[in-house]
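Enquirer: Below is the file data-v7.pdb, which contains PDB, C-alpha atoms and all ligand atoms.
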```pdb
ATOM      1  CA  MET A   1     -18.651 -13.785 -13.106
ATOM      2  CA  PHE A   2     -15.095 -12.429 -13.249
ATOM      3  CA  PHE A   3     -13.138 -12.728 -16.488
ATOM      4  CA  GLU A   4      -9.929 -11.464 -18.046
ATOM      5  CA  PRO A   5     -10.280  -7.896 -19.333
ATOM      6  CA  PRO A   6      -9.532  -7.463 -23.057
ATOM      7  CA  ILE A   7      -6.696  -5.026 -22.347
ATOM      8  CA  ALA A   8      -3.038  -5.147 -23.435
ATOM      9  CA  TYR A   9      -1.484  -4.280 -20.062
ATOM     10  CA  GLU A  10       2.076  -3.053 -19.873
ATOM     11  CA  PRO A  11       3.518  -5.566 -17.400
ATOM     12  CA  PRO A  12       4.291  -6.009 -14.588
ATOM     13  CA  VAL A  13       0.990  -4.922 -13.031
ATOM     14  CA  TYR A  14       0.458  -4.897  -9.257
ATOM     15  CA  ARG A  15      -2.577  -4.283  -7.071
ATOM     16  CA  PRO A  16      -3.362  -4.532  -3.351
ATOM     17  CA  PRO A  17      -4.571  -8.011  -2.212
ATOM     18  CA  SER A  18      -8.050  -6.653  -1.449
ATOM     19  CA  GLU A  19      -8.481  -5.447  -5.055
ATOM     20  CA  TRP A  20      -8.262  -8.973  -6.495
ATOM     21  CA  ARG A  21     -11.721  -8.742  -8.073
ATOM     22  CA  SER A  22     -11.300  -5.178  -9.366
ATOM     23  CA  LEU A  23     -10.885  -4.213 -12.992
ATOM     24  CA  LEU A  24      -7.324  -2.866 -13.276
ATOM     25  CA  ILE A  25      -6.843   0.216 -15.458
ATOM     26  CA  GLN A  26      -3.362   1.654 -16.041
ATOM     27  CA  VAL A  27      -3.460   5.444 -15.755
ATOM     28  CA  THR A  28       0.274   5.774 -15.204
ATOM     29  CA  ILE A  29       3.114   3.408 -16.019
ATOM     30  CA  GLY A  30       5.682   2.657 -13.309
ATOM     31  CA  CYS A  31       6.293   4.703 -10.179
ATOM     32  CA  SER A  32       7.249   8.376 -10.031
ATOM     33  CA  ASN A  33       9.583   7.698  -7.082
ATOM     34  CA  ASN A  34      11.011   4.313  -8.131
ATOM     35  CA  LYS A  35      13.823   4.705  -5.586
ATOM     36  CA  CYS A  36      12.714   2.768  -2.477
ATOM     37  CA  THR A  37      15.710   0.549  -1.795
ATOM     38  CA  TYR A  38      13.759  -2.702  -1.189
ATOM     39  CA  CYS A  39      11.369  -2.396  -4.150
ATOM     40  CA  ASP A  40      11.942  -3.825  -7.608
ATOM     41  CA  MET A  41       8.344  -3.669  -8.788
ATOM     42  CA  TYR A  42       8.697  -0.994 -11.450
ATOM     43  CA  ARG A  43      12.451  -0.832 -12.004
ATOM     44  CA  SER A  44      11.985  -2.086 -15.579
ATOM     45  CA  LYS A  45       9.593   0.784 -16.377
ATOM     46  CA  THR A  46      10.126   4.448 -17.122
ATOM     47  CA  TYR A  47       7.487   6.513 -15.328
ATOM     48  CA  ARG A  48       4.925   8.218 -17.516
ATOM     49  CA  VAL A  49       1.275   9.230 -17.567
ATOM     50  CA  ARG A  50      -0.712   7.397 -20.241
ATOM     51  CA  PRO A  51      -2.568   9.465 -22.849
ATOM     52  CA  ILE A  52      -6.215   9.877 -21.813
ATOM     53  CA  GLU A  53      -7.377   8.439 -25.190
ATOM     54  CA  LYS A  54      -5.601   5.143 -24.368
ATOM     55  CA  ILE A  55      -7.165   5.000 -20.911
ATOM     56  CA  LYS A  56     -10.630   5.616 -22.358
ATOM     57  CA  GLU A  57      -9.972   3.013 -25.075
ATOM     58  CA  ASP A  58      -9.240   0.401 -22.353
ATOM     59  CA  LEU A  59     -12.451   1.284 -20.512
ATOM     60  CA  ASP A  60     -14.487   1.150 -23.742
ATOM     61  CA  LYS A  61     -13.037  -2.257 -24.671
ATOM     62  CA  CYS A  62     -14.036  -3.629 -21.261
ATOM     63  CA  ALA A  63     -17.537  -2.174 -21.599
ATOM     64  CA  SER A  64     -17.955  -3.640 -25.109
ATOM     65  CA  SER A  65     -16.913  -7.067 -23.834
ATOM     66  CA  GLY A  66     -19.799  -6.993 -21.359
ATOM     67  CA  MET A  67     -17.780  -6.395 -18.185
ATOM     68  CA  LYS A  68     -19.669  -4.798 -15.306
ATOM     69  CA  PRO A  69     -16.948  -4.268 -12.691
ATOM     70  CA  ASP A  70     -18.115  -3.681  -9.165
ATOM     71  CA  LYS A  71     -14.760  -2.052  -8.367
ATOM     72  CA  ILE A  72     -11.989  -0.502 -10.459
ATOM     73  CA  PHE A  73      -8.374  -0.009  -9.395
ATOM     74  CA  LEU A  74      -6.174   2.600 -11.058
ATOM     75  CA  CYS A  75      -2.568   1.462 -11.636
ATOM     76  CA  ASP A  76       0.477   1.655 -11.621
ATOM     77  CA  GLY A  77       2.570   2.473  -8.561
ATOM     78  CA  ASP A  78       1.238   5.916  -7.637
ATOM     79  CA  ALA A  79      -1.485   6.805 -10.108
ATOM     80  CA  LEU A  80      -2.673   9.614  -7.813
ATOM     81  CA  GLY A  81       0.399  11.506  -9.051
ATOM     82  CA  ALA A  82      -1.221  11.868 -12.501
ATOM     83  CA  PRO A  83      -2.386  15.405 -13.399
ATOM     84  CA  MET A  84      -5.915  16.387 -12.301
ATOM     85  CA  GLU A  85      -7.216  16.601 -15.902
ATOM     86  CA  VAL A  86      -6.238  12.965 -16.530
ATOM     87  CA  LEU A  87      -7.682  11.691 -13.252
ATOM     88  CA  GLU A  88     -10.907  13.685 -13.602
ATOM     89  CA  GLU A  89     -11.445  12.626 -17.192
ATOM     90  CA  THR A  90     -10.697   8.986 -16.327
ATOM     91  CA  LEU A  91     -13.245   9.080 -13.505
ATOM     92  CA  ASN A  92     -15.829  10.873 -15.677
ATOM     93  CA  HIS A  93     -15.415   8.157 -18.284
ATOM     94  CA  ILE A  94     -15.685   5.413 -15.656
ATOM     95  CA  ASN A  95     -18.893   6.955 -14.299
ATOM     96  CA  LYS A  96     -20.308   7.245 -17.819
ATOM     97  CA  THR A  97     -19.231   3.776 -19.016
ATOM     98  CA  PHE A  98     -19.806   1.858 -15.788
ATOM     99  CA  PRO A  99     -22.514   3.714 -13.850
ATOM    100  CA  ASP A 100     -22.978   0.724 -11.519
ATOM    101  CA  THR A 101     -19.326   0.559 -10.426
ATOM    102  CA  ARG A 102     -19.405   1.077  -6.687
ATOM    103  CA  ARG A 103     -15.951   2.498  -6.075
ATOM    104  CA  VAL A 104     -12.526   3.221  -7.525
ATOM    105  CA  GLY A 105      -9.219   2.672  -5.687
ATOM    106  CA  ILE A 106      -5.688   3.970  -6.248
ATOM    107  CA  TYR A 107      -2.117   3.721  -4.928
ATOM    108  CA  ALA A 108      -0.822   7.033  -3.551
ATOM    109  CA  THR A 109       2.368   8.405  -2.075
ATOM    110  CA  ALA A 110       2.420  11.121   0.581
ATOM    111  CA  GLU A 111       3.880  13.421  -2.050
ATOM    112  CA  ASN A 112       0.970  12.764  -4.475
ATOM    113  CA  ILE A 113      -1.493  13.693  -1.716
ATOM    114  CA  LEU A 114       0.336  16.796  -0.505
ATOM    115  CA  GLU A 115       0.809  18.089  -4.070
ATOM    116  CA  LYS A 116      -2.941  18.118  -4.732
ATOM    117  CA  SER A 117      -5.149  20.775  -3.164
ATOM    118  CA  GLU A 118      -7.962  19.810  -0.794
ATOM    119  CA  GLU A 119     -10.430  20.963  -3.399
ATOM    120  CA  GLU A 120      -8.854  18.701  -6.021
ATOM    121  CA  LEU A 121      -8.917  15.686  -3.710
ATOM    122  CA  ARG A 122     -12.554  16.364  -2.800
ATOM    123  CA  THR A 123     -13.421  16.580  -6.503
ATOM    124  CA  LEU A 124     -11.827  13.173  -7.104
ATOM    125  CA  ALA A 125     -13.609  11.675  -4.087
ATOM    126  CA  SER A 126     -16.937  13.011  -5.385
ATOM    127  CA  LYS A 127     -16.356  11.018  -8.596
ATOM    128  CA  LYS A 128     -16.151   7.680  -6.756
ATOM    129  CA  LEU A 129     -12.375   7.651  -6.164
ATOM    130  CA  ASP A 130     -13.008   6.292  -2.741
ATOM    131  CA  ILE A 131      -9.912   4.577  -1.333
ATOM    132  CA  ALA A 132      -6.187   5.379  -1.416
ATOM    133  CA  TYR A 133      -3.525   2.803  -0.513
ATOM    134  CA  LEU A 134      -0.524   4.461   1.110
ATOM    135  CA  GLY A 135       2.773   2.646   1.604
ATOM    136  CA  LEU A 136       3.756   4.157   4.944
ATOM    137  CA  GLU A 137       6.272   1.362   5.542
ATOM    138  CA  SER A 138       7.479   2.992   8.774
ATOM    139  CA  GLY A 139       6.571   5.902  11.018
ATOM    140  CA  ASP A 140      10.252   6.449  11.808
ATOM    141  CA  ASP A 141      12.231   9.147  10.007
ATOM    142  CA  LYS A 142      15.545   7.332  10.210
ATOM    143  CA  VAL A 143      14.046   4.213   8.614
ATOM    144  CA  LEU A 144      12.204   6.237   5.943
ATOM    145  CA  HIS A 145      15.468   7.983   5.097
ATOM    146  CA  MET A 146      17.402   4.684   4.998
ATOM    147  CA  ILE A 147      14.947   3.098   2.541
ATOM    148  CA  VAL A 148      14.804   6.293   0.411
ATOM    149  CA  LYS A 149      11.032   6.440   0.731
ATOM    150  CA  GLY A 150      11.014  10.029  -0.453
ATOM    151  CA  ASN A 151       8.836  11.373   2.381
ATOM    152  CA  THR A 152       9.335  12.149   6.054
ATOM    153  CA  ALA A 153       7.154  10.879   8.887
ATOM    154  CA  ASP A 154       5.645  14.356   9.234
ATOM    155  CA  GLU A 155       4.691  14.346   5.542
ATOM    156  CA  MET A 156       3.205  10.851   5.900
ATOM    157  CA  GLU A 157       1.089  12.018   8.826
ATOM    158  CA  ARG A 158      -0.112  15.205   7.131
ATOM    159  CA  ALA A 159      -0.912  13.334   3.911
ATOM    160  CA  SER A 160      -2.846  10.614   5.783
ATOM    161  CA  LEU A 161      -4.983  13.140   7.662
ATOM    162  CA  LYS A 162      -5.521  15.276   4.568
ATOM    163  CA  ILE A 163      -6.770  12.486   2.335
ATOM    164  CA  LYS A 164      -9.164  11.251   5.023
ATOM    165  CA  ASP A 165     -10.465  14.786   5.542
ATOM    166  CA  CYS A 166     -11.112  15.031   1.809
ATOM    167  CA  GLY A 167     -13.471  12.064   1.798
ATOM    168  CA  PHE A 168     -11.222   9.144   0.905
ATOM    169  CA  LYS A 169     -10.868   5.967   2.890
ATOM    170  CA  LEU A 170      -7.225   5.403   3.802
ATOM    171  CA  SER A 171      -5.546   2.014   3.636
ATOM    172  CA  THR A 172      -2.121   2.178   5.256
ATOM    173  CA  ILE A 173       0.567  -0.445   4.724
ATOM    174  CA  ALA A 174       3.523  -0.908   7.104
ATOM    175  CA  MET A 175       6.521  -3.183   6.594
ATOM    176  CA  LEU A 176       7.710  -5.600   9.238
ATOM    177  CA  GLY A 177      11.470  -5.790   9.616
ATOM    178  CA  VAL A 178      12.189  -2.916   7.241
ATOM    179  CA  GLY A 179      14.609  -1.171   9.606
ATOM    180  CA  GLY A 180      16.539  -4.373  10.357
ATOM    181  CA  LYS A 181      17.618  -5.214  13.901
ATOM    182  CA  LYS A 182      19.319  -1.867  14.474
ATOM    183  CA  TYR A 183      16.205   0.263  14.020
ATOM    184  CA  SER A 184      13.568  -2.265  15.061
ATOM    185  CA  LYS A 185      12.717  -0.553  18.371
ATOM    186  CA  GLN A 186      12.249   2.918  16.914
ATOM    187  CA  HIS A 187      10.427   1.474  13.882
ATOM    188  CA  VAL A 188       7.937  -0.179  16.254
ATOM    189  CA  GLU A 189       7.444   2.856  18.496
ATOM    190  CA  ASN A 190       7.120   5.448  15.748
ATOM    191  CA  THR A 191       4.962   3.285  13.459
ATOM    192  CA  ALA A 192       2.567   2.717  16.370
ATOM    193  CA  LYS A 193       2.563   6.481  17.037
ATOM    194  CA  MET A 194       1.802   7.201  13.382
ATOM    195  CA  LEU A 195      -1.074   4.707  13.271
ATOM    196  CA  SER A 196      -2.542   6.156  16.459
ATOM    197  CA  ALA A 197      -2.291   9.683  15.050
ATOM    198  CA  THR A 198      -3.757   8.884  11.641
ATOM    199  CA  ASN A 199      -6.340   6.162  12.389
ATOM    200  CA  PRO A 200      -6.627   4.729   8.872
ATOM    201  CA  GLN A 201      -9.838   2.839   8.027
ATOM    202  CA  PHE A 202      -7.728  -0.084   6.769
ATOM    203  CA  PHE A 203      -4.322  -1.193   7.927
ATOM    204  CA  SER A 204      -2.072  -4.035   6.834
ATOM    205  CA  PHE A 205       1.429  -5.424   7.291
ATOM    206  CA  LEU A 206       3.826  -6.735   4.660
ATOM    207  CA  THR A 207       6.993  -8.575   5.569
ATOM    208  CA  THR A 208      10.230  -7.149   4.175
ATOM    209  CA  PHE A 209      12.202  -9.521   1.980
ATOM    210  CA  SER A 210      15.506  -8.796   0.393
ATOM    211  CA  VAL A 211      15.005  -8.957  -3.380
ATOM    212  CA  PRO A 212      18.206  -9.691  -5.374
ATOM    213  CA  GLY A 213      19.240  -6.740  -7.514
ATOM    214  CA  THR A 214      17.875  -4.110  -5.123
ATOM    215  CA  PRO A 215      20.018  -1.710  -3.055
ATOM    216  CA  TYR A 216      18.384  -3.206   0.077
ATOM    217  CA  HIS A 217      19.772  -6.630  -0.885
ATOM    218  CA  THR A 218      23.245  -5.152  -1.372
ATOM    219  CA  MET A 219      23.063  -3.500   2.066
ATOM    220  CA  ILE A 220      22.188  -6.843   3.644
ATOM    221  CA  GLU A 221      25.014  -8.602   1.783
ATOM    222  CA  ARG A 222      27.441  -5.948   3.066
ATOM    223  CA  GLY A 223      26.189  -6.350   6.613
ATOM    224  CA  LEU A 224      24.730  -2.825   6.743
ATOM    225  CA  ILE A 225      21.238  -4.166   7.536
ATOM    226  CA  GLU A 226      20.760  -7.199   9.756
ATOM    227  CA  PRO A 227      17.462  -8.903   8.868
ATOM    228  CA  LEU A 228      14.977 -10.004  11.510
ATOM    229  CA  THR A 229      14.263 -13.635  12.323
ATOM    230  CA  SER A 230      10.720 -15.046  12.060
ATOM    231  CA  LYS A 231      10.331 -14.645  15.815
ATOM    232  CA  GLU A 232      11.529 -11.031  15.767
ATOM    233  CA  LEU A 233       9.135 -10.212  12.911
ATOM    234  CA  LEU A 234       6.218 -11.566  14.941
ATOM    235  CA  ILE A 235       7.383  -9.547  17.943
ATOM    236  CA  GLU A 236       7.429  -6.384  15.781
ATOM    237  CA  MET A 237       3.866  -7.067  14.631
ATOM    238  CA  HIS A 238       2.747  -7.752  18.192
ATOM    239  CA  ASP A 239       4.410  -4.643  19.592
ATOM    240  CA  ILE A 240       3.191  -2.257  16.868
ATOM    241  CA  LEU A 241      -0.390  -3.436  17.385
ATOM    242  CA  LYS A 242      -0.028  -3.352  21.164
ATOM    243  CA  LEU A 243       1.290   0.216  21.197
ATOM    244  CA  SER A 244      -1.221   1.540  18.633
ATOM    245  CA  SER A 245      -4.427   3.053  19.914
ATOM    246  CA  PHE A 246      -7.189   2.773  17.348
ATOM    247  CA  ASP A 247      -9.720   4.377  19.633
ATOM    248  CA  PHE A 248     -11.677   6.632  17.383
ATOM    249  CA  ASN A 249     -12.970   4.420  14.597
ATOM    250  CA  GLN A 250     -13.148   0.871  13.339
ATOM    251  CA  VAL A 251      -9.979  -0.250  11.594
ATOM    252  CA  ILE A 252     -10.033  -3.281   9.325
ATOM    253  CA  PHE A 253      -6.689  -4.974   9.941
ATOM    254  CA  ARG A 254      -5.129  -7.542   7.610
ATOM    255  CA  ALA A 255      -1.776  -9.290   7.564
ATOM    256  CA  ASN A 256      -2.712 -11.713   4.788
ATOM    257  CA  HIS A 257      -0.249 -10.613   2.121
ATOM    258  CA  VAL A 258       1.679 -13.443   0.454
ATOM    259  CA  SER A 259       4.853 -12.123   2.157
ATOM    260  CA  ASN A 260       3.479 -12.875   5.636
ATOM    261  CA  ALA A 261       4.102 -16.360   7.047
ATOM    262  CA  ASN A 262       0.727 -16.623   8.837
ATOM    263  CA  PRO A 263      -2.470 -14.870   7.752
ATOM    264  CA  LEU A 264      -4.115 -12.758  10.428
ATOM    265  CA  GLY A 265      -6.947 -10.240  10.486
ATOM    266  CA  GLY A 266      -9.733  -8.586  12.417
ATOM    267  CA  THR A 267     -11.399  -5.329  13.330
ATOM    268  CA  LEU A 268      -9.570  -2.963  15.667
ATOM    269  CA  PRO A 269      -9.849  -2.080  18.444
ATOM    270  CA  ARG A 270     -12.545  -4.768  18.947
ATOM    271  CA  ASP A 271     -10.311  -7.793  18.175
ATOM    272  CA  LYS A 272      -7.039  -6.344  19.455
ATOM    273  CA  GLU A 273      -6.693  -8.533  22.565
ATOM    274  CA  GLU A 274      -7.538 -11.701  20.613
ATOM    275  CA  ILE A 275      -5.011 -10.847  17.875
ATOM    276  CA  LEU A 276      -2.313 -10.071  20.465
ATOM    277  CA  LYS A 277      -3.023 -13.404  22.169
ATOM    278  CA  THR A 278      -2.660 -15.260  18.840
ATOM    279  CA  LEU A 279       0.594 -13.434  18.123
ATOM    280  CA  LYS A 280       1.928 -14.210  21.603
ATOM    281  CA  HIS A 281       1.155 -17.885  21.001
ATOM    282  CA  TRP A 282       2.948 -17.831  17.621
ATOM    283  CA  ILE A 283       5.930 -16.034  19.155
ATOM    284  CA  ASP A 284       6.203 -18.712  21.875
ATOM    285  CA  GLN A 285       5.981 -21.492  19.268
ATOM    286  CA  THR A 286       8.587 -19.999  16.897
ATOM    287  CA  PRO A 287      12.191 -21.139  17.460
ATOM    288  CA  GLU A 288      15.052 -18.648  17.741
ATOM    289  CA  GLY A 289      17.405 -18.061  14.816
ATOM    290  CA  VAL A 290      15.022 -19.105  12.036
ATOM    291  CA  TYR A 291      14.515 -16.767   9.083
ATOM    292  CA  PRO A 292      11.338 -16.615   6.976
ATOM    293  CA  LYS A 293      11.394 -18.080   3.469
ATOM    294  CA  ALA A 294      10.703 -15.617   0.666
ATOM    295  CA  PRO A 295       7.396 -16.382  -1.075
ATOM    296  CA  ALA A 296       7.468 -17.644  -4.662
ATOM    297  CA  ARG A 297       5.648 -14.490  -5.792
ATOM    298  CA  MET A 298       5.379 -11.117  -4.058
TER
HETATM  299  S1  LIG B   1       6.816   4.252  -3.944
HETATM  300 FE1  LIG B   1       6.029   2.131  -3.891
HETATM  301  S2  LIG B   1       6.170   1.398  -6.001
HETATM  302 FE2  LIG B   1       7.421   3.242  -5.883
HETATM  303  S3  LIG B   1       9.511   2.505  -5.482
HETATM  304 FE3  LIG B   1       8.552   2.930  -3.497
HETATM  305  S4  LIG B   1       7.622   0.990  -2.833
HETATM  306 FE4  LIG B   1       8.088   0.811  -5.049
END
```
As structure tokens - that is how I would like this structure written.
Expert:
Amino acid sequence: MFFEPPIAYEPPVYRPPSEWRSLLIQVTIGCSNNKCTYCDMYRSKTYRVRPIEKIKEDLDKCASSGMKPDKIFLCDGDALGAPMEVLEETLNHINKTFPDTRRVGIYATAENILEKSEEELRTLASKKLDIAYLGLESGDDKVLHMIVKGNTADEMERASLKIKDCGFKLSTIAMLGVGGKKYSKQHVENTAKMLSATNPQFFSFLTTFSVPGTPYHTMIERGLIEPLTSKELLIEMHDILKLSSFDFNQVIFRANHVSNANPLGGTLPRDKEEILKTLKHWIDQTPEGVYPKAPARM
């Protein structure tokens, strides 16, 4: 049975959709970048690494309450940026307190990955830190620069290959519509190139929405970014998948985030043709000039 952990979280707390059953443990608060123009997730927080005693206290409280989590997810925005001592000690304590926990997941930026040595990443992987979620957003340098992602496409590619080599599973997230109409073509082509080069084990799409109060929203209001219609967003998804060659391994693909109008998923390359056919059908059914409605919660 899944129940609320007895932890006083520092809100807001986010996790990937696939970690909905995981015990969430805050190792860091906020995001060390906190500059991506479209993102307001951690703007209310000042980035910091939590003291290891507090992290252990949270784990002990959960253990005392009888929790036996199958999976644990380390928050907040880019917990892989925490110093090695904190991550290692957190994982040691998880392995001691919850020996039956199968795996631990974490959000990571390309910078977090490149800053750690291969040996350090392998050490973390050997302690059950098994999957890293990387917000690629786009494989295009111009788009990455425009959204102030903080990393270039080359850094994204090197980080993706490095973390896989070090024993992690990689879950890559790309954003539909993030470059607006002007950069849509190069966003599609270079994101497909990046996915083909990095072959993540998991891959998902989010849809870009303009959140009031963010620089991205201001750019749209000033006409500097022209958002994509529902039809154009579906075309981007179709074209990125069509141009990507996931030939070397099995990729679990999901576009079931709350920001996406229609849930979609499958295993690539096995289901690629079927998914493309579904997308083609949706594209044909979607009228021109209609914009997607922002979800109630992101
Ligand atoms: S790195 Fe992620 S959490 Fe941090 S500002 Fe960018 S999108 Fe938001």
Enquirer: For Ser18 (chain A), which residue out of A:Leu59, A:Glu53, A:Ser204, A:Asp165 is the nearest one, using all atoms listed in the file?
Expert: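 Of the candidates, the smallest distance to Ser18 (chain A) is held by A:Ser204.
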Enquirer: Residues at most 7 Å from Val188 (chain A), counting all atoms listed in the file, excluding those fewer than 6 positions away in the same chain, as a VMD selection string?
Expert: chain A and resid 236 239 to 240
Enquirer: I'd like the neighbourhood of Thr109 (chain A) as a compact mmCIF listing (two decimals) with C-alpha atoms, in the frame of the given file, where a residue qualifies if any of its atoms comes within 12 Å (using only C-alpha atoms), though same-chain residues fewer than 5 positions away should be ignored.
Expert:
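Now in out12.txt:
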```
# COMPACT_ATOMS: atom_id res chain seq x y z
CA CYS A 31 6.29 4.70 -10.18
CA SER A 32 7.25 8.38 -10.03
CA ASN A 33 9.58 7.70 -7.08
CA ASN A 34 11.01 4.31 -8.13
CA CYS A 36 12.71 2.77 -2.48
CA ASP A 76 0.48 1.66 -11.62
CA GLY A 77 2.57 2.47 -8.56
CA ASP A 78 1.24 5.92 -7.64
CA ALA A 79 -1.48 6.80 -10.11
CA LEU A 80 -2.67 9.61 -7.81
CA GLY A 81 0.40 11.51 -9.05
CA ALA A 82 -1.22 11.87 -12.50
CA LEU A 114 0.34 16.80 -0.50
CA GLU A 115 0.81 18.09 -4.07
CA LYS A 116 -2.94 18.12 -4.73
CA ALA A 132 -6.19 5.38 -1.42
CA TYR A 133 -3.52 2.80 -0.51
CA LEU A 134 -0.52 4.46 1.11
CA GLY A 135 2.77 2.65 1.60
CA LEU A 136 3.76 4.16 4.94
CA GLU A 137 6.27 1.36 5.54
CA LYS A 149 11.03 6.44 0.73
CA GLY A 150 11.01 10.03 -0.45
CA ASN A 151 8.84 11.37 2.38
CA THR A 152 9.34 12.15 6.05
CA GLU A 155 4.69 14.35 5.54
CA MET A 156 3.20 10.85 5.90
CA GLU A 157 1.09 12.02 8.83
CA ARG A 158 -0.11 15.20 7.13
CA ALA A 159 -0.91 13.33 3.91
CA SER A 160 -2.85 10.61 5.78
CA ILE A 163 -6.77 12.49 2.34
CA LEU A 170 -7.22 5.40 3.80
CA SER A 171 -5.55 2.01 3.64
CA THR A 172 -2.12 2.18 5.26
CA ILE A 173 0.57 -0.44 4.72
```
Enquirer: Between CA of Pro12 (chain A) and CA of Ser210 (chain A), what is the distance, to one decimal in Å?
Expert: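 Going from CA of Pro12 (chain A) over to CA of Ser210 (chain A), I get 18.9 Å.
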Enquirer: Give me the result of the PyMOL selection byres (((chain A and resi 226) around 6) and not hetatm) on this file, residue by residue, as JSON, numbers by chain.
Expert: {"A": [180, 181, 225, 227]}
Enquirer: May I have the residues within 12 Å of region 185-187 of chain A as a PyMOL selection string, using all atoms listed in the file and disregarding those fewer than 4 positions away in the same chain?
Expert: chain A and resi 136-144+146+153+174-181+191-195+228+232-233+235-237+239-240+243
Enquirer: Show me, as a PyMOL selection string, the residues that have an atom within 8 Å of Arg21 (chain A) when counting all atoms listed in the file, minus same-chain residues fewer than 2 positions from it.
Expert: chain A and resi 2+18-19+23+71
Enquirer: Emit region 73-104 of chain A of the structure in the block as a file comprising C-alpha atoms, as a tab-separated table (two decimals), in the first residue's frame.
Expert:
```tsv
chain	number	residue	atom	x	y	z
A	73	PHE	CA	13.38	9.66	-6.06
A	74	LEU	CA	15.87	12.32	-4.98
A	75	CYS	CA	14.57	15.90	-5.31
A	76	ASP	CA	14.63	18.86	-6.08
A	77	GLY	CA	15.41	20.17	-9.55
A	78	ASP	CA	18.92	18.81	-10.10
A	79	ALA	CA	19.88	16.82	-7.03
A	80	LEU	CA	22.78	15.23	-8.95
A	81	GLY	CA	24.52	18.60	-8.49
A	82	ALA	CA	24.89	17.89	-4.75
A	83	PRO	CA	28.46	17.15	-3.57
A	84	MET	CA	29.61	13.50	-3.76
A	85	GLU	CA	29.82	13.14	0.05
A	86	VAL	CA	26.14	14.08	0.40
A	87	LEU	CA	24.98	11.81	-2.43
A	88	GLU	CA	27.10	8.87	-1.29
A	89	GLU	CA	26.01	9.18	2.32
A	90	THR	CA	22.36	9.53	1.28
A	91	LEU	CA	22.60	6.37	-0.83
A	92	ASN	CA	24.47	4.49	1.92
A	93	HIS	CA	21.70	5.40	4.33
A	94	ILE	CA	19.01	4.37	1.84
A	95	ASN	CA	20.71	1.00	1.32
A	96	LYS	CA	21.00	0.51	5.09
A	97	THR	CA	17.47	1.69	5.96
A	98	PHE	CA	15.63	0.25	2.97
A	99	PRO	CA	17.63	-2.76	1.76
A	100	ASP	CA	14.70	-3.92	-0.39
A	101	THR	CA	14.40	-0.66	-2.36
A	102	ARG	CA	14.98	-1.63	-5.96
A	103	ARG	CA	16.27	1.62	-7.39
A	104	VAL	CA	16.82	5.33	-6.83
```
